[in-house]
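Okay, final.txt now, which holds compact mmCIF, C-alpha atoms:
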```txt
# COMPACT_ATOMS: atom_id res chain seq x y z
CA MET A 82 176.38 178.56 134.84
CA ARG A 83 178.15 176.58 132.15
CA TRP A 84 181.47 175.52 133.62
CA GLY A 85 182.79 173.93 130.44
CA ALA A 86 182.44 177.10 128.42
CA PHE A 87 183.77 179.15 131.31
CA PHE A 88 186.91 177.04 131.68
CA CYS A 89 187.54 177.03 127.94
CA THR A 90 187.25 180.83 127.89
CA ALA A 91 189.49 181.08 130.95
CA VAL A 92 192.20 179.04 129.19
CA ILE A 93 191.87 181.16 126.05
CA VAL A 94 192.04 184.39 128.08
CA ALA A 95 195.15 183.11 129.91
CA LEU A 96 196.80 182.24 126.58
CA ILE A 97 195.94 185.67 125.18
CA ILE A 98 197.48 187.39 128.21
CA LEU A 99 200.63 185.22 127.98
CA TYR A 100 200.93 186.01 124.27
CA GLU A 101 200.11 189.69 124.37
CA TRP A 102 201.56 190.92 127.69
CA PRO A 103 205.29 190.82 126.75
CA LYS A 104 204.51 192.88 123.63
CA MET A 105 202.68 195.52 125.65
CA LYS A 106 205.57 196.43 127.96
CA GLN A 107 206.15 199.76 126.22
CA ASN A 108 202.49 200.73 125.92
CA PRO A 109 200.98 203.34 128.27
CA LYS A 110 199.06 202.21 131.34
CA LYS A 111 195.73 203.05 129.73
CA ASP A 112 196.24 200.38 127.05
CA LYS A 113 196.93 197.71 129.66
CA VAL A 114 193.88 198.68 131.71
CA ALA A 115 191.64 198.60 128.64
CA PHE A 116 193.09 195.25 127.55
CA LEU A 117 192.55 193.59 130.92
CA THR A 118 189.10 195.13 131.50
CA LEU A 119 187.79 193.98 128.14
CA LEU A 120 189.20 190.47 128.63
CA LEU A 121 187.67 190.19 132.13
CA THR A 122 184.29 191.40 130.86
CA GLY A 123 184.41 188.69 128.22
CA LEU A 124 185.34 186.11 130.84
CA VAL A 125 182.49 187.13 133.14
CA LEU A 126 179.98 187.04 130.27
CA SER A 127 181.11 183.54 129.30
CA MET A 128 179.90 182.25 132.69
CA PHE A 129 176.26 182.78 131.72
CA ASN A 130 174.10 180.62 129.55
CA LEU A 131 174.36 183.13 126.74
CA PRO A 132 172.07 181.72 124.00
CA GLN A 133 169.08 181.69 126.36
CA MET A 134 169.89 184.99 128.07
CA SER A 135 168.21 188.21 126.96
CA GLY A 136 170.85 190.51 125.57
CA PRO A 137 171.53 193.52 123.36
CA THR A 138 170.56 191.65 120.18
CA GLN A 139 167.12 190.99 121.65
CA TRP A 140 166.75 194.57 122.87
CA VAL A 141 167.47 195.88 119.40
CA GLU A 142 164.92 193.45 118.00
CA THR A 143 162.30 194.77 120.46
CA LEU A 144 163.21 198.32 119.48
CA PHE A 145 162.71 197.58 115.77
CA ARG A 146 159.53 195.51 116.21
CA PRO A 147 157.33 197.74 113.99
CA PHE A 148 159.83 197.32 111.16
CA GLY A 149 159.94 193.57 111.77
CA GLU A 150 156.16 193.37 111.55
CA PHE A 151 156.28 195.37 108.31
CA MET A 152 158.83 192.95 106.84
CA GLU A 153 157.01 189.80 107.96
CA LYS A 154 153.72 190.79 106.31
CA MET B 142 197.78 204.38 115.31
CA GLU B 143 197.85 202.66 111.94
CA LYS B 144 200.95 203.30 109.87
CA GLY B 145 200.10 201.03 106.95
CA LYS B 146 198.92 202.30 103.59
CA ILE B 147 196.70 200.64 101.02
CA SER B 148 195.85 201.50 97.44
CA SER B 149 192.33 202.38 96.36
CA LEU B 150 192.18 199.17 94.33
CA GLN B 151 192.94 197.17 97.46
CA MET B 152 190.15 199.02 99.22
CA ALA B 153 187.73 198.02 96.45
CA PHE B 154 188.96 194.44 96.80
CA MET B 155 188.28 194.56 100.54
CA LEU B 156 184.81 196.07 100.19
CA TYR B 157 183.59 193.74 97.45
CA PRO B 158 183.65 190.51 99.50
CA ALA B 159 182.56 192.50 102.58
CA ILE B 160 179.14 192.81 100.90
CA VAL B 161 178.98 189.94 98.43
CA ALA B 162 180.26 187.08 100.61
CA THR B 163 177.09 186.72 102.66
CA ALA B 164 174.75 188.51 100.24
CA ILE B 165 174.95 185.78 97.58
CA LEU B 166 174.20 183.08 100.13
CA GLY B 167 170.93 183.83 101.87
CA VAL B 168 169.71 187.10 100.40
CA PRO B 169 168.35 185.77 97.03
CA SER B 170 165.69 183.71 98.80
CA ILE B 171 164.76 186.57 101.17
CA THR B 172 164.42 188.87 98.15
CA ALA B 173 162.37 186.23 96.32
CA LYS B 174 159.92 186.11 99.21
CA TYR B 175 158.89 189.72 98.50
CA ALA B 176 159.71 190.21 94.83
CA LYS B 177 158.70 186.74 93.49
CA THR B 178 160.05 186.44 89.93
CA ASP B 179 161.29 190.03 89.85
CA LEU B 180 164.04 189.38 92.38
CA TRP B 181 166.71 190.34 89.86
CA LEU B 182 165.42 193.95 89.86
CA SER B 183 165.86 194.41 93.61
CA PRO B 184 169.69 194.81 93.65
CA ILE B 185 169.33 197.77 91.26
CA PHE B 186 167.18 199.66 93.78
CA ALA B 187 169.28 198.47 96.71
CA ALA B 188 172.45 199.70 95.02
CA LEU B 189 171.11 203.28 95.27
CA ILE B 190 171.68 203.01 99.02
CA GLY B 191 175.21 201.80 98.29
CA TYR B 192 175.97 204.77 96.02
CA LEU B 193 174.53 207.18 98.58
CA THR B 194 176.55 205.61 101.41
CA VAL B 195 179.80 205.76 99.45
CA TYR B 196 179.11 209.40 98.57
CA ILE B 197 178.39 210.30 102.24
CA ALA B 198 181.48 208.46 103.46
CA TYR B 199 183.69 210.18 100.89
CA LYS B 200 182.30 213.66 101.64
CA LEU B 201 182.81 213.14 105.38
CA HIS B 202 186.32 211.94 104.64
CA GLN B 203 187.02 215.08 102.60
CA LEU B 204 185.94 217.29 105.50
CA TYR B 205 188.05 215.34 108.00
CA PRO B 206 190.87 213.53 106.20
CA LYS B 207 193.19 211.34 108.31
CA GLN B 208 190.37 210.57 110.76
CA THR B 209 187.78 207.83 111.04
CA VAL B 210 184.15 208.30 112.00
CA ILE B 211 184.83 207.59 115.70
CA GLN B 212 187.22 210.56 115.85
CA PHE B 213 185.44 213.15 113.73
CA SER B 214 181.95 212.54 115.12
CA GLU B 215 183.26 214.11 118.37
CA LYS B 216 184.30 217.19 116.40
CA ILE B 217 181.00 217.47 114.56
CA ILE B 218 178.43 217.02 117.34
CA GLY B 219 180.51 217.65 120.44
CA ARG B 220 182.41 215.38 122.78
CA ILE B 221 179.66 213.57 124.73
CA PRO B 222 177.15 213.06 121.85
CA GLY B 223 180.09 212.03 119.67
CA LYS B 224 181.15 209.42 122.20
CA ILE B 225 177.58 208.12 122.45
CA PHE B 226 177.31 207.84 118.67
CA GLY B 227 180.72 206.15 118.56
CA PHE B 228 179.59 203.64 121.17
CA LEU B 229 176.39 202.86 119.27
CA LEU B 230 178.30 202.42 116.02
CA LEU B 231 180.89 200.17 117.67
CA PHE B 232 178.12 198.17 119.33
CA PHE B 233 176.46 197.83 115.93
CA TYR B 234 179.66 196.62 114.28
CA ILE B 235 180.69 194.20 117.02
CA GLN B 236 177.17 192.79 117.27
CA ASN B 237 176.90 192.36 113.52
CA THR B 238 180.34 190.79 113.22
CA GLY B 239 179.08 188.30 115.80
CA LEU B 240 175.95 187.66 113.75
CA LEU B 241 178.14 187.29 110.68
CA VAL B 242 180.38 184.71 112.34
CA ARG B 243 177.28 182.89 113.56
CA GLY B 244 175.75 182.92 110.07
CA TYR B 245 178.98 181.56 108.63
CA ALA B 246 179.18 178.81 111.25
CA GLU B 247 175.49 177.89 110.89
CA PHE B 248 176.04 177.47 107.17
CA VAL B 249 179.13 175.29 107.61
CA VAL B 250 177.53 173.19 110.36
CA GLY B 251 174.17 172.92 108.61
CA SER B 252 175.52 171.91 105.23
CA PHE B 253 178.75 170.04 105.84
CA LEU B 254 180.34 169.58 109.28
CA VAL B 255 177.17 168.31 110.91
CA ASN B 256 178.76 166.86 114.06
CA THR B 257 181.22 169.64 114.87
CA PRO B 258 180.32 171.92 117.80
CA ILE B 259 179.44 175.33 116.43
CA SER B 260 181.64 177.18 118.92
CA VAL B 261 184.75 175.43 117.56
CA ILE B 262 184.03 176.61 114.02
CA MET B 263 183.33 180.16 115.20
CA ALA B 264 186.40 180.32 117.45
CA SER B 265 188.73 179.01 114.74
CA MET B 266 187.44 181.57 112.23
CA VAL B 267 187.80 184.41 114.75
CA LEU B 268 191.31 183.21 115.60
CA LEU B 269 192.32 183.26 111.94
CA CYS B 270 190.82 186.72 111.45
CA ALA B 271 192.49 187.99 114.63
CA PHE B 272 195.91 187.12 113.20
CA ILE B 273 195.24 189.02 109.98
CA VAL B 274 193.76 192.02 111.84
CA ARG B 275 196.83 192.14 114.10
CA GLY B 276 198.95 192.18 110.96
CA GLY B 277 197.53 195.58 110.10
CA ILE B 278 195.68 197.10 107.18
CA GLU B 279 198.44 196.37 104.68
CA VAL B 280 198.28 192.66 105.39
CA LEU B 281 194.49 192.80 105.16
CA GLY B 282 194.62 194.67 101.86
CA ARG B 283 197.07 192.25 100.29
CA ALA B 284 195.18 189.20 101.54
CA ALA B 285 192.03 190.65 99.99
CA GLN B 286 193.83 191.27 96.71
CA LEU B 287 195.06 187.69 96.73
CA PHE B 288 191.83 185.99 97.79
CA VAL B 289 189.13 187.95 95.98
CA PRO B 290 190.01 186.53 92.52
CA VAL B 291 190.00 183.07 94.13
CA PHE B 292 186.49 183.93 95.33
CA ILE B 293 185.08 185.49 92.11
CA PHE B 294 186.29 183.14 89.38
CA PRO B 295 184.80 179.89 90.74
CA ILE B 296 181.43 181.60 91.08
CA PHE B 297 181.51 182.57 87.41
CA ILE B 298 182.66 179.07 86.45
CA LEU B 299 179.73 177.75 88.49
CA ILE B 300 177.33 179.90 86.51
CA ILE B 301 178.88 178.77 83.20
CA LEU B 302 178.56 175.12 84.24
CA LEU B 303 174.90 175.76 85.07
CA ILE B 304 174.01 176.92 81.54
CA PRO B 305 172.42 173.54 80.55
CA ASP B 306 170.06 173.78 83.55
CA LEU B 307 168.87 177.32 82.95
CA GLU B 308 165.16 177.73 82.19
CA PHE B 309 164.93 181.23 80.76
CA LYS B 310 161.14 181.30 80.77
CA ASN B 311 161.19 181.40 84.59
CA ILE B 312 161.73 185.15 84.36
CA PHE B 313 158.10 185.67 83.24
CA PRO B 314 155.91 187.38 84.26
CA VAL B 315 158.01 190.53 84.58
CA LEU B 316 156.52 193.09 86.99
CA ALA B 317 153.20 191.25 87.27
CA ASP B 318 152.22 193.12 90.45
CA GLY B 319 153.76 196.45 89.57
CA ILE B 320 156.98 197.99 90.86
CA MET B 321 156.27 197.71 94.60
CA PRO B 322 157.28 194.04 95.23
CA PRO B 323 160.84 194.49 93.86
CA ILE B 324 161.17 197.69 95.94
CA LYS B 325 160.09 195.90 99.09
CA GLY B 326 162.46 193.08 98.18
CA SER B 327 165.28 195.61 97.92
CA ILE B 328 165.05 196.57 101.61
CA VAL B 329 167.07 193.57 102.80
CA PRO B 330 169.84 193.83 100.16
CA GLY B 331 169.77 197.58 100.92
CA GLY B 332 170.92 196.77 104.44
CA TRP B 333 173.83 194.87 102.93
CA PHE B 334 174.68 197.76 100.60
CA SER B 335 174.75 200.15 103.56
CA GLU B 336 177.77 198.18 104.81
CA PHE B 337 179.80 200.22 102.31
CA PHE B 338 180.09 202.71 105.15
CA LEU B 339 182.96 200.48 106.31
CA MET B 340 185.09 202.36 103.79
CA ILE B 341 185.21 205.27 106.24
CA PHE B 342 187.57 203.09 108.32
CA LEU B 343 189.77 202.46 105.28
CA LEU B 344 189.78 205.84 103.49
CA PRO B 345 192.26 207.55 105.86
CA PHE B 346 194.91 204.96 104.93
CA LEU B 347 194.68 205.34 101.16
CA VAL B 348 197.82 206.29 99.23
CA ASP B 349 195.73 207.79 96.41
CA MET B 350 192.88 209.47 98.26
CA LYS B 351 191.40 211.14 95.18
CA LYS B 352 190.61 207.77 93.65
CA GLY B 353 188.76 206.69 96.80
CA ILE B 354 185.29 207.62 95.61
CA LYS B 355 185.88 206.12 92.15
CA SER B 356 186.92 202.73 93.48
CA GLY B 357 184.11 202.82 96.03
CA MET B 358 181.53 203.47 93.32
CA MET B 359 183.13 200.77 91.14
CA SER B 360 182.84 198.37 94.03
CA VAL B 361 179.13 199.18 94.48
CA PHE B 362 178.59 198.59 90.77
CA ALA B 363 180.47 195.27 90.87
CA VAL B 364 178.42 194.13 93.86
CA MET B 365 175.20 195.13 92.08
CA MET B 366 176.14 193.22 88.93
CA THR B 367 177.15 190.14 90.93
CA LEU B 368 173.88 190.15 92.84
CA ILE B 369 171.84 190.57 89.63
CA VAL B 370 173.70 187.68 87.96
CA VAL B 371 173.37 185.44 91.02
CA ASN B 372 169.67 186.27 91.43
CA LEU B 373 168.99 185.59 87.76
CA THR B 374 170.87 182.28 87.88
CA VAL B 375 168.98 181.19 90.97
CA LEU B 376 165.68 182.24 89.38
CA PHE B 377 166.42 180.45 86.10
CA VAL B 378 167.24 177.20 87.87
CA LEU B 379 164.83 177.13 90.80
CA GLY B 380 162.00 179.25 89.44
CA PRO B 381 159.16 180.10 91.85
CA THR B 382 160.57 177.77 94.55
CA THR B 383 163.53 180.12 95.20
CA SER B 384 161.92 181.64 98.27
CA THR B 385 161.62 178.25 100.00
CA LYS B 386 165.37 177.55 99.93
CA LEU B 387 167.64 178.73 102.74
CA TYR B 388 170.86 178.84 100.68
CA PRO B 389 169.67 178.95 97.04
CA LEU B 390 173.13 179.22 95.47
CA MET B 391 174.10 176.05 97.29
CA ASN B 392 170.99 174.23 96.03
CA VAL B 393 171.72 175.46 92.53
CA SER B 394 175.29 174.14 92.61
CA ARG B 395 173.92 170.65 93.31
CA TYR B 396 172.29 170.71 89.87
CA ILE B 397 175.66 170.60 88.14
CA SER B 398 176.26 167.29 86.44
CA ILE B 399 178.38 167.22 83.31
CA ALA B 400 179.10 163.91 81.56
CA ASP B 401 178.14 162.00 84.74
CA PHE B 402 181.59 162.84 86.01
CA PHE B 403 181.70 166.47 87.07
CA GLU B 404 179.32 166.37 90.03
CA HIS B 405 179.03 167.35 93.69
CA VAL B 406 180.80 170.65 93.25
CA GLU B 407 178.98 172.11 96.26
CA SER B 408 181.91 171.33 98.55
CA ALA B 409 184.17 173.31 96.20
CA VAL B 410 181.63 176.14 96.28
CA MET B 411 181.70 176.11 100.06
CA ALA B 412 185.50 176.10 100.19
CA VAL B 413 185.55 179.12 97.92
CA TRP B 414 182.79 180.84 99.83
CA ILE B 415 184.74 180.46 103.08
CA VAL B 416 187.52 182.53 101.48
CA GLY B 417 185.02 185.33 100.87
CA ALA B 418 183.57 185.04 104.37
CA PHE B 419 187.09 185.18 105.78
CA VAL B 420 187.82 188.50 104.04
CA LYS B 421 184.41 189.83 105.07
CA ILE B 422 184.79 188.96 108.74
CA SER B 423 188.34 190.33 108.75
CA VAL B 424 187.26 193.71 107.35
CA PHE B 425 184.47 193.97 109.94
CA TYR B 426 186.79 192.80 112.69
CA TYR B 427 189.37 195.40 111.67
CA ALA B 428 186.77 198.17 111.82
CA CYS B 429 185.68 196.97 115.28
CA ALA B 430 189.22 196.79 116.67
CA LEU B 431 190.34 200.13 115.21
CA GLY B 432 187.12 201.82 116.30
CA THR B 433 187.35 200.47 119.85
CA ALA B 434 190.95 201.67 120.21
CA GLN B 435 190.05 205.12 118.88
CA TRP B 436 186.97 205.34 121.06
CA LEU B 437 189.10 204.60 124.14
CA ASN B 438 191.93 206.89 122.90
CA LEU B 439 194.51 204.08 123.09
CA SER B 440 197.97 204.37 121.59
CA GLY B 441 197.46 201.41 119.25
CA TYR B 442 194.70 199.04 118.25
CA ARG B 443 196.71 195.83 118.56
CA PRO B 444 196.10 195.34 122.33
CA VAL B 445 192.31 195.29 121.82
CA VAL B 446 192.29 192.84 118.90
CA TRP B 447 192.03 189.71 121.08
CA PRO B 448 189.49 191.12 123.57
CA VAL B 449 187.30 192.29 120.66
CA GLY B 450 187.55 188.77 119.23
CA ILE B 451 186.16 187.35 122.46
CA PHE B 452 183.33 189.88 122.33
CA ILE B 453 182.57 188.85 118.75
CA VAL B 454 182.23 185.20 119.78
CA ILE B 455 180.05 186.22 122.75
CA PHE B 456 177.77 188.31 120.54
CA SER B 457 177.50 185.44 118.08
CA LEU B 458 175.84 183.36 120.83
CA TRP B 459 174.07 185.96 122.95
CA SER B 460 170.25 185.59 122.86
CA LEU B 461 170.38 183.58 119.65
CA PRO B 462 169.22 180.08 120.66
CA SER B 463 168.90 178.66 117.13
CA SER B 464 169.72 179.34 113.50
CA VAL B 465 166.10 180.47 112.98
CA ASP B 466 166.75 183.49 115.19
CA VAL B 467 169.87 184.31 113.19
CA SER B 468 168.08 184.29 109.85
CA ARG B 469 165.10 186.16 111.32
CA ASN B 470 167.46 188.87 112.52
CA ASP B 471 168.69 189.30 108.93
CA VAL B 472 165.15 190.13 107.81
CA THR B 473 163.48 191.93 110.69
CA VAL B 474 166.30 193.86 112.36
CA PHE B 475 169.45 194.16 110.29
CA PRO B 476 168.14 196.08 107.23
CA LEU B 477 166.73 198.97 109.25
CA GLN B 478 169.54 198.92 111.82
CA GLY B 479 172.18 198.89 109.08
CA ILE B 480 170.64 201.66 107.01
CA LEU B 481 169.98 203.76 110.12
CA MET B 482 173.48 203.44 111.60
CA GLN B 483 175.44 203.51 108.35
CA THR B 484 173.48 205.77 106.00
CA ILE B 485 170.93 207.96 107.77
CA ILE B 486 172.95 209.04 110.84
CA PRO B 487 176.13 209.67 108.77
CA LEU B 488 173.98 211.74 106.39
CA LEU B 489 172.84 213.85 109.37
CA LEU B 490 176.48 214.12 110.52
CA LEU B 491 177.48 215.31 107.06
CA LEU B 492 174.71 217.92 107.00
CA ILE B 493 175.71 219.25 110.44
CA ALA B 494 179.38 219.31 109.47
CA VAL B 495 178.69 221.18 106.22
CA VAL B 496 176.44 223.73 107.94
CA ARG B 497 178.98 224.30 110.73
CA LYS B 498 181.80 224.73 108.26
CA ARG B 499 179.77 227.22 106.23
CA ASN B 500 178.84 229.20 109.36
CA ARG B 501 182.47 229.34 110.43
CA LYS B 502 183.48 230.55 106.98
CA GLY B 503 180.65 233.10 107.10
CA THR B 504 181.83 234.59 110.40
CA GLU B 505 185.43 234.66 109.16
CA THR B 506 184.54 236.62 106.03
CA SER B 507 182.36 239.02 108.01
CA ARG B 508 185.31 239.66 110.33
CA MET B 509 187.44 240.39 107.30
CA ASP B 510 185.00 243.12 106.34
```

Show me, as structure tokens, the structure contained in the file I just sent.
Amino acid sequence: MRWGAFFCTAVIVALIILYEWPKMKQNPKKDKVAFLTLLLTGLVLSMFNLPQMSGPTQWVETLFRPFGEFMEK
Amino acid sequence: MEKGKISSLQMAFMLYPAIVATAILGVPSITAKYAKTDLWLSPIFAALIGYLTVYIAYKLHQLYPKQTVIQFSEKIIGRIPGKIFGFLLLFFYIQNTGLLVRGYAEFVVGSFLVNTPISVIMASMVLLCAFIVRGGIEVLGRAAQLFVPVFIFPIFILIILLIPDLEFKNIFPVLADGIMPPIKGSIVPGGWFSEFFLMIFLLPFLVDMKKGIKSGMMSVFAVMMTLIVVNLTVLFVLGPTTSTKLYPLMNVSRYISIADFFEHVESAVMAVWIVGAFVKISVFYYACALGTAQWLNLSGYRPVVWPVGIFIVIFSLWSLPSSVDVSRNDVTVFPLQGILMQTIIPLLLLLIAVVRKRNRKGTETSRMD
């Protein structure tokens, strides 16, 4: 848990919603759902200690390990 | 979804910094590690991937004009496989935009703003790019047209100022170990050249679609020439030590000293380079935002611009504890991932699309009989 990063992200997300929501009044419901879901996913991810956490970038690296070994020779 | 239009020249201006901006920074030393003194030959081989990618992108665009890869991949390989491919491509672009932002911030923090938290530099760059992406493709195209000359000319002036420091004998021996080292050195720049596949996100908005392939090929050629010139300059100044430097062009710019007065131009080089990085990140960001909106079938891409920005910052931190991991990713993962996602899979898509179109035509003519 990194509260500092989480609170910063929370403020940024709140500002984004305040800025974007009035412009989205006309948009269909699907747009609003996608907008809020993506923002919330970002907010949840910001709670973790991301640099030390294993993530997609590391998975891809594991997947391409033979190539990496070829390049590091 | 996108009502703006750009000219093919603007597209070339957007693609040029999208490759060159980061390629002139770290790639010369990576190439030098494999190719030694033949590093100037590597961009020629790498450019073949660029030409191939532009050709594939243009052919796919001809089969499905008005659509980007996220939309027509569903038509080529069916709905579910198309969605899976779209997801993988979007993941690739968002992840690599994150790596790009991280590389940019590591460079700024490492060389100049030593005490600034890295997240501030990344967030401010993403904020700036988010505004231009929200503006639409026309704004992006015009910004590129305005900024790319600002980016190119100082680099050529830098090379002219370096003429007194050039040691032309550093180029020898040429091809001492045969042709293989330059070819292995071309793998990493090849990954950069495969980024020309980004033009598939721009082609549907061209006013003059027929000129699309010409300006794309011109752009590949310009990138190739720039990389050759930069690699030669770096080699002439630094010689065999090129591979030990992290940012060789930056080291080279520190050599400039004319009349004991014209010195320390590296901060000017960085200021100019940030312009290029800004255009590069914006083009990638635009592709991510447009692709995400099309993948989710939204009515416009503007609502997802800010959320995608947050994802880009998250991916620029995720499982990358230090700058070593970022530069290692450029060598051991990105070249294969880039060529696979942006050249090989689109080539397969093109083959399937051509075969399917031919079969359909075949059945139609047989019905006519």

Compile the residues of chain B that lie within 10 Å of chain A, evaluated using all atoms listed in the file, and express the compilation as a PDB file with C-alpha atoms, keeping the file's coordinate frame.
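File produced: iface.pdb:
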```
ATOM      1  CA  LYS B 174     159.920 186.110  99.210  1.00  0.00           C
ATOM      2  CA  TYR B 175     158.890 189.720  98.500  1.00  0.00           C
ATOM      3  CA  PHE B 232     178.120 198.170 119.330  1.00  0.00           C
ATOM      4  CA  PHE B 233     176.460 197.830 115.930  1.00  0.00           C
ATOM      5  CA  GLN B 236     177.170 192.790 117.270  1.00  0.00           C
ATOM      6  CA  ASN B 237     176.900 192.360 113.520  1.00  0.00           C
ATOM      7  CA  LEU B 240     175.950 187.660 113.750  1.00  0.00           C
ATOM      8  CA  SER B 260     181.640 177.180 118.920  1.00  0.00           C
ATOM      9  CA  LYS B 325     160.090 195.900  99.090  1.00  0.00           C
ATOM     10  CA  GLY B 326     162.460 193.080  98.180  1.00  0.00           C
ATOM     11  CA  ILE B 328     165.050 196.570 101.610  1.00  0.00           C
ATOM     12  CA  VAL B 329     167.070 193.570 102.800  1.00  0.00           C
ATOM     13  CA  THR B 433     187.350 200.470 119.850  1.00  0.00           C
ATOM     14  CA  ALA B 434     190.950 201.670 120.210  1.00  0.00           C
ATOM     15  CA  LEU B 437     189.100 204.600 124.140  1.00  0.00           C
ATOM     16  CA  ASN B 438     191.930 206.890 122.900  1.00  0.00           C
ATOM     17  CA  LEU B 439     194.510 204.080 123.090  1.00  0.00           C
ATOM     18  CA  SER B 440     197.970 204.370 121.590  1.00  0.00           C
ATOM     19  CA  GLY B 441     197.460 201.410 119.250  1.00  0.00           C
ATOM     20  CA  TYR B 442     194.700 199.040 118.250  1.00  0.00           C
ATOM     21  CA  ARG B 443     196.710 195.830 118.560  1.00  0.00           C
ATOM     22  CA  PRO B 444     196.100 195.340 122.330  1.00  0.00           C
ATOM     23  CA  VAL B 445     192.310 195.290 121.820  1.00  0.00           C
ATOM     24  CA  VAL B 446     192.290 192.840 118.900  1.00  0.00           C
ATOM     25  CA  TRP B 447     192.030 189.710 121.080  1.00  0.00           C
ATOM     26  CA  PRO B 448     189.490 191.120 123.570  1.00  0.00           C
ATOM     27  CA  VAL B 449     187.300 192.290 120.660  1.00  0.00           C
ATOM     28  CA  GLY B 450     187.550 188.770 119.230  1.00  0.00           C
ATOM     29  CA  ILE B 451     186.160 187.350 122.460  1.00  0.00           C
ATOM     30  CA  PHE B 452     183.330 189.880 122.330  1.00  0.00           C
ATOM     31  CA  ILE B 453     182.570 188.850 118.750  1.00  0.00           C
ATOM     32  CA  VAL B 454     182.230 185.200 119.780  1.00  0.00           C
ATOM     33  CA  ILE B 455     180.050 186.220 122.750  1.00  0.00           C
ATOM     34  CA  PHE B 456     177.770 188.310 120.540  1.00  0.00           C
ATOM     35  CA  SER B 457     177.500 185.440 118.080  1.00  0.00           C
ATOM     36  CA  LEU B 458     175.840 183.360 120.830  1.00  0.00           C
ATOM     37  CA  TRP B 459     174.070 185.960 122.950  1.00  0.00           C
ATOM     38  CA  SER B 460     170.250 185.590 122.860  1.00  0.00           C
ATOM     39  CA  LEU B 461     170.380 183.580 119.650  1.00  0.00           C
ATOM     40  CA  PRO B 462     169.220 180.080 120.660  1.00  0.00           C
ATOM     41  CA  SER B 463     168.900 178.660 117.130  1.00  0.00           C
ATOM     42  CA  ASP B 466     166.750 183.490 115.190  1.00  0.00           C
ATOM     43  CA  ARG B 469     165.100 186.160 111.320  1.00  0.00           C
ATOM     44  CA  ASN B 470     167.460 188.870 112.520  1.00  0.00           C
ATOM     45  CA  VAL B 472     165.150 190.130 107.810  1.00  0.00           C
ATOM     46  CA  THR B 473     163.480 191.930 110.690  1.00  0.00           C
ATOM     47  CA  VAL B 474     166.300 193.860 112.360  1.00  0.00           C
ATOM     48  CA  PHE B 475     169.450 194.160 110.290  1.00  0.00           C
ATOM     49  CA  PRO B 476     168.140 196.080 107.230  1.00  0.00           C
ATOM     50  CA  LEU B 477     166.730 198.970 109.250  1.00  0.00           C
ATOM     51  CA  GLN B 478     169.540 198.920 111.820  1.00  0.00           C
TER      52      GLN B 478
END
```

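CA of Glu336 (chain B) is positioned 10.5 Å from CA of Val161 (chain B).
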
Open item on the list: For a test of reading the model, state the distance in Å between CA of Ile304 (chain B) and CA of Leu376 (chain B), rounded to one decimal.
Closed with: 12.6 Å

TODO: Would you work out the distance separating CA of Glu404 (chain B) from CA of Met266 (chain B), expressed in Å to one decimal?
DONE: 28.1 Å

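Each of B:Leu379, B:Ile341, B:Leu302, B:Val361 was compared to Ile211 (chain B) using only C-alpha atoms, and B:Ile341 turns out to be the nearest.
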
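Distances here use only C-alpha atoms; by that measure, the residue among B:Leu488, B:Val261, B:Ala188, B:Val274 closest to Cys89 (chain A) is B:Val261.
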
Task: Spatial sel., origin (189.5, 185.5, 99.1), limit 10 Å, only C-alpha atoms, listed as number ranges by chain - done: B: 154-155, 158, 162, 284-293, 413-421

I'd like the contact shell of Thr382 (chain B) - 10 Å cut-off, all atoms listed in the file, skipping same-chain residues fewer than 2 positions apart - returned as a JSON list (two decimals) with C-alpha atoms, in the coordinates of the input.
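selection.json written:
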```json
[["chain", "number", "residue", "atom", "x", "y", "z"],
["B", 170, "SER", "CA", 165.69, 183.71, 98.80],
["B", 173, "ALA", "CA", 162.37, 186.23, 96.32],
["B", 174, "LYS", "CA", 159.92, 186.11, 99.21],
["B", 177, "LYS", "CA", 158.70, 186.74, 93.49],
["B", 178, "THR", "CA", 160.05, 186.44, 89.93],
["B", 375, "VAL", "CA", 168.98, 181.19, 90.97],
["B", 376, "LEU", "CA", 165.68, 182.24, 89.38],
["B", 378, "VAL", "CA", 167.24, 177.20, 87.87],
["B", 379, "LEU", "CA", 164.83, 177.13, 90.80],
["B", 380, "GLY", "CA", 162.00, 179.25, 89.44],
["B", 384, "SER", "CA", 161.92, 181.64, 98.27],
["B", 385, "THR", "CA", 161.62, 178.25, 100.00],
["B", 386, "LYS", "CA", 165.37, 177.55, 99.93],
["B", 389, "PRO", "CA", 169.67, 178.95, 97.04]]
```

Within 10 Å of region 392-395 of chain B, counting all atoms listed in the file, which residues show up once you throw out same-chain ones fewer than 2 positions away? Write them as a compact mmCIF listing (two decimals) with C-alpha atoms, keeping the file's coordinate frame, please.
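And here is the file that came out, around-v9.txt:
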```txt
# COMPACT_ATOMS: atom_id res chain seq x y z
CA ILE B 296 181.43 181.60 91.08
CA LEU B 299 179.73 177.75 88.49
CA ILE B 300 177.33 179.90 86.51
CA LEU B 302 178.56 175.12 84.24
CA LEU B 303 174.90 175.76 85.07
CA ASP B 306 170.06 173.78 83.55
CA THR B 374 170.87 182.28 87.88
CA VAL B 375 168.98 181.19 90.97
CA LEU B 376 165.68 182.24 89.38
CA PHE B 377 166.42 180.45 86.10
CA VAL B 378 167.24 177.20 87.87
CA LEU B 379 164.83 177.13 90.80
CA THR B 383 163.53 180.12 95.20
CA LYS B 386 165.37 177.55 99.93
CA LEU B 387 167.64 178.73 102.74
CA TYR B 388 170.86 178.84 100.68
CA PRO B 389 169.67 178.95 97.04
CA LEU B 390 173.13 179.22 95.47
CA ILE B 397 175.66 170.60 88.14
CA SER B 398 176.26 167.29 86.44
CA GLU B 404 179.32 166.37 90.03
CA HIS B 405 179.03 167.35 93.69
CA VAL B 406 180.80 170.65 93.25
CA GLU B 407 178.98 172.11 96.26
CA SER B 408 181.91 171.33 98.55
CA ALA B 409 184.17 173.31 96.20
CA VAL B 410 181.63 176.14 96.28
```
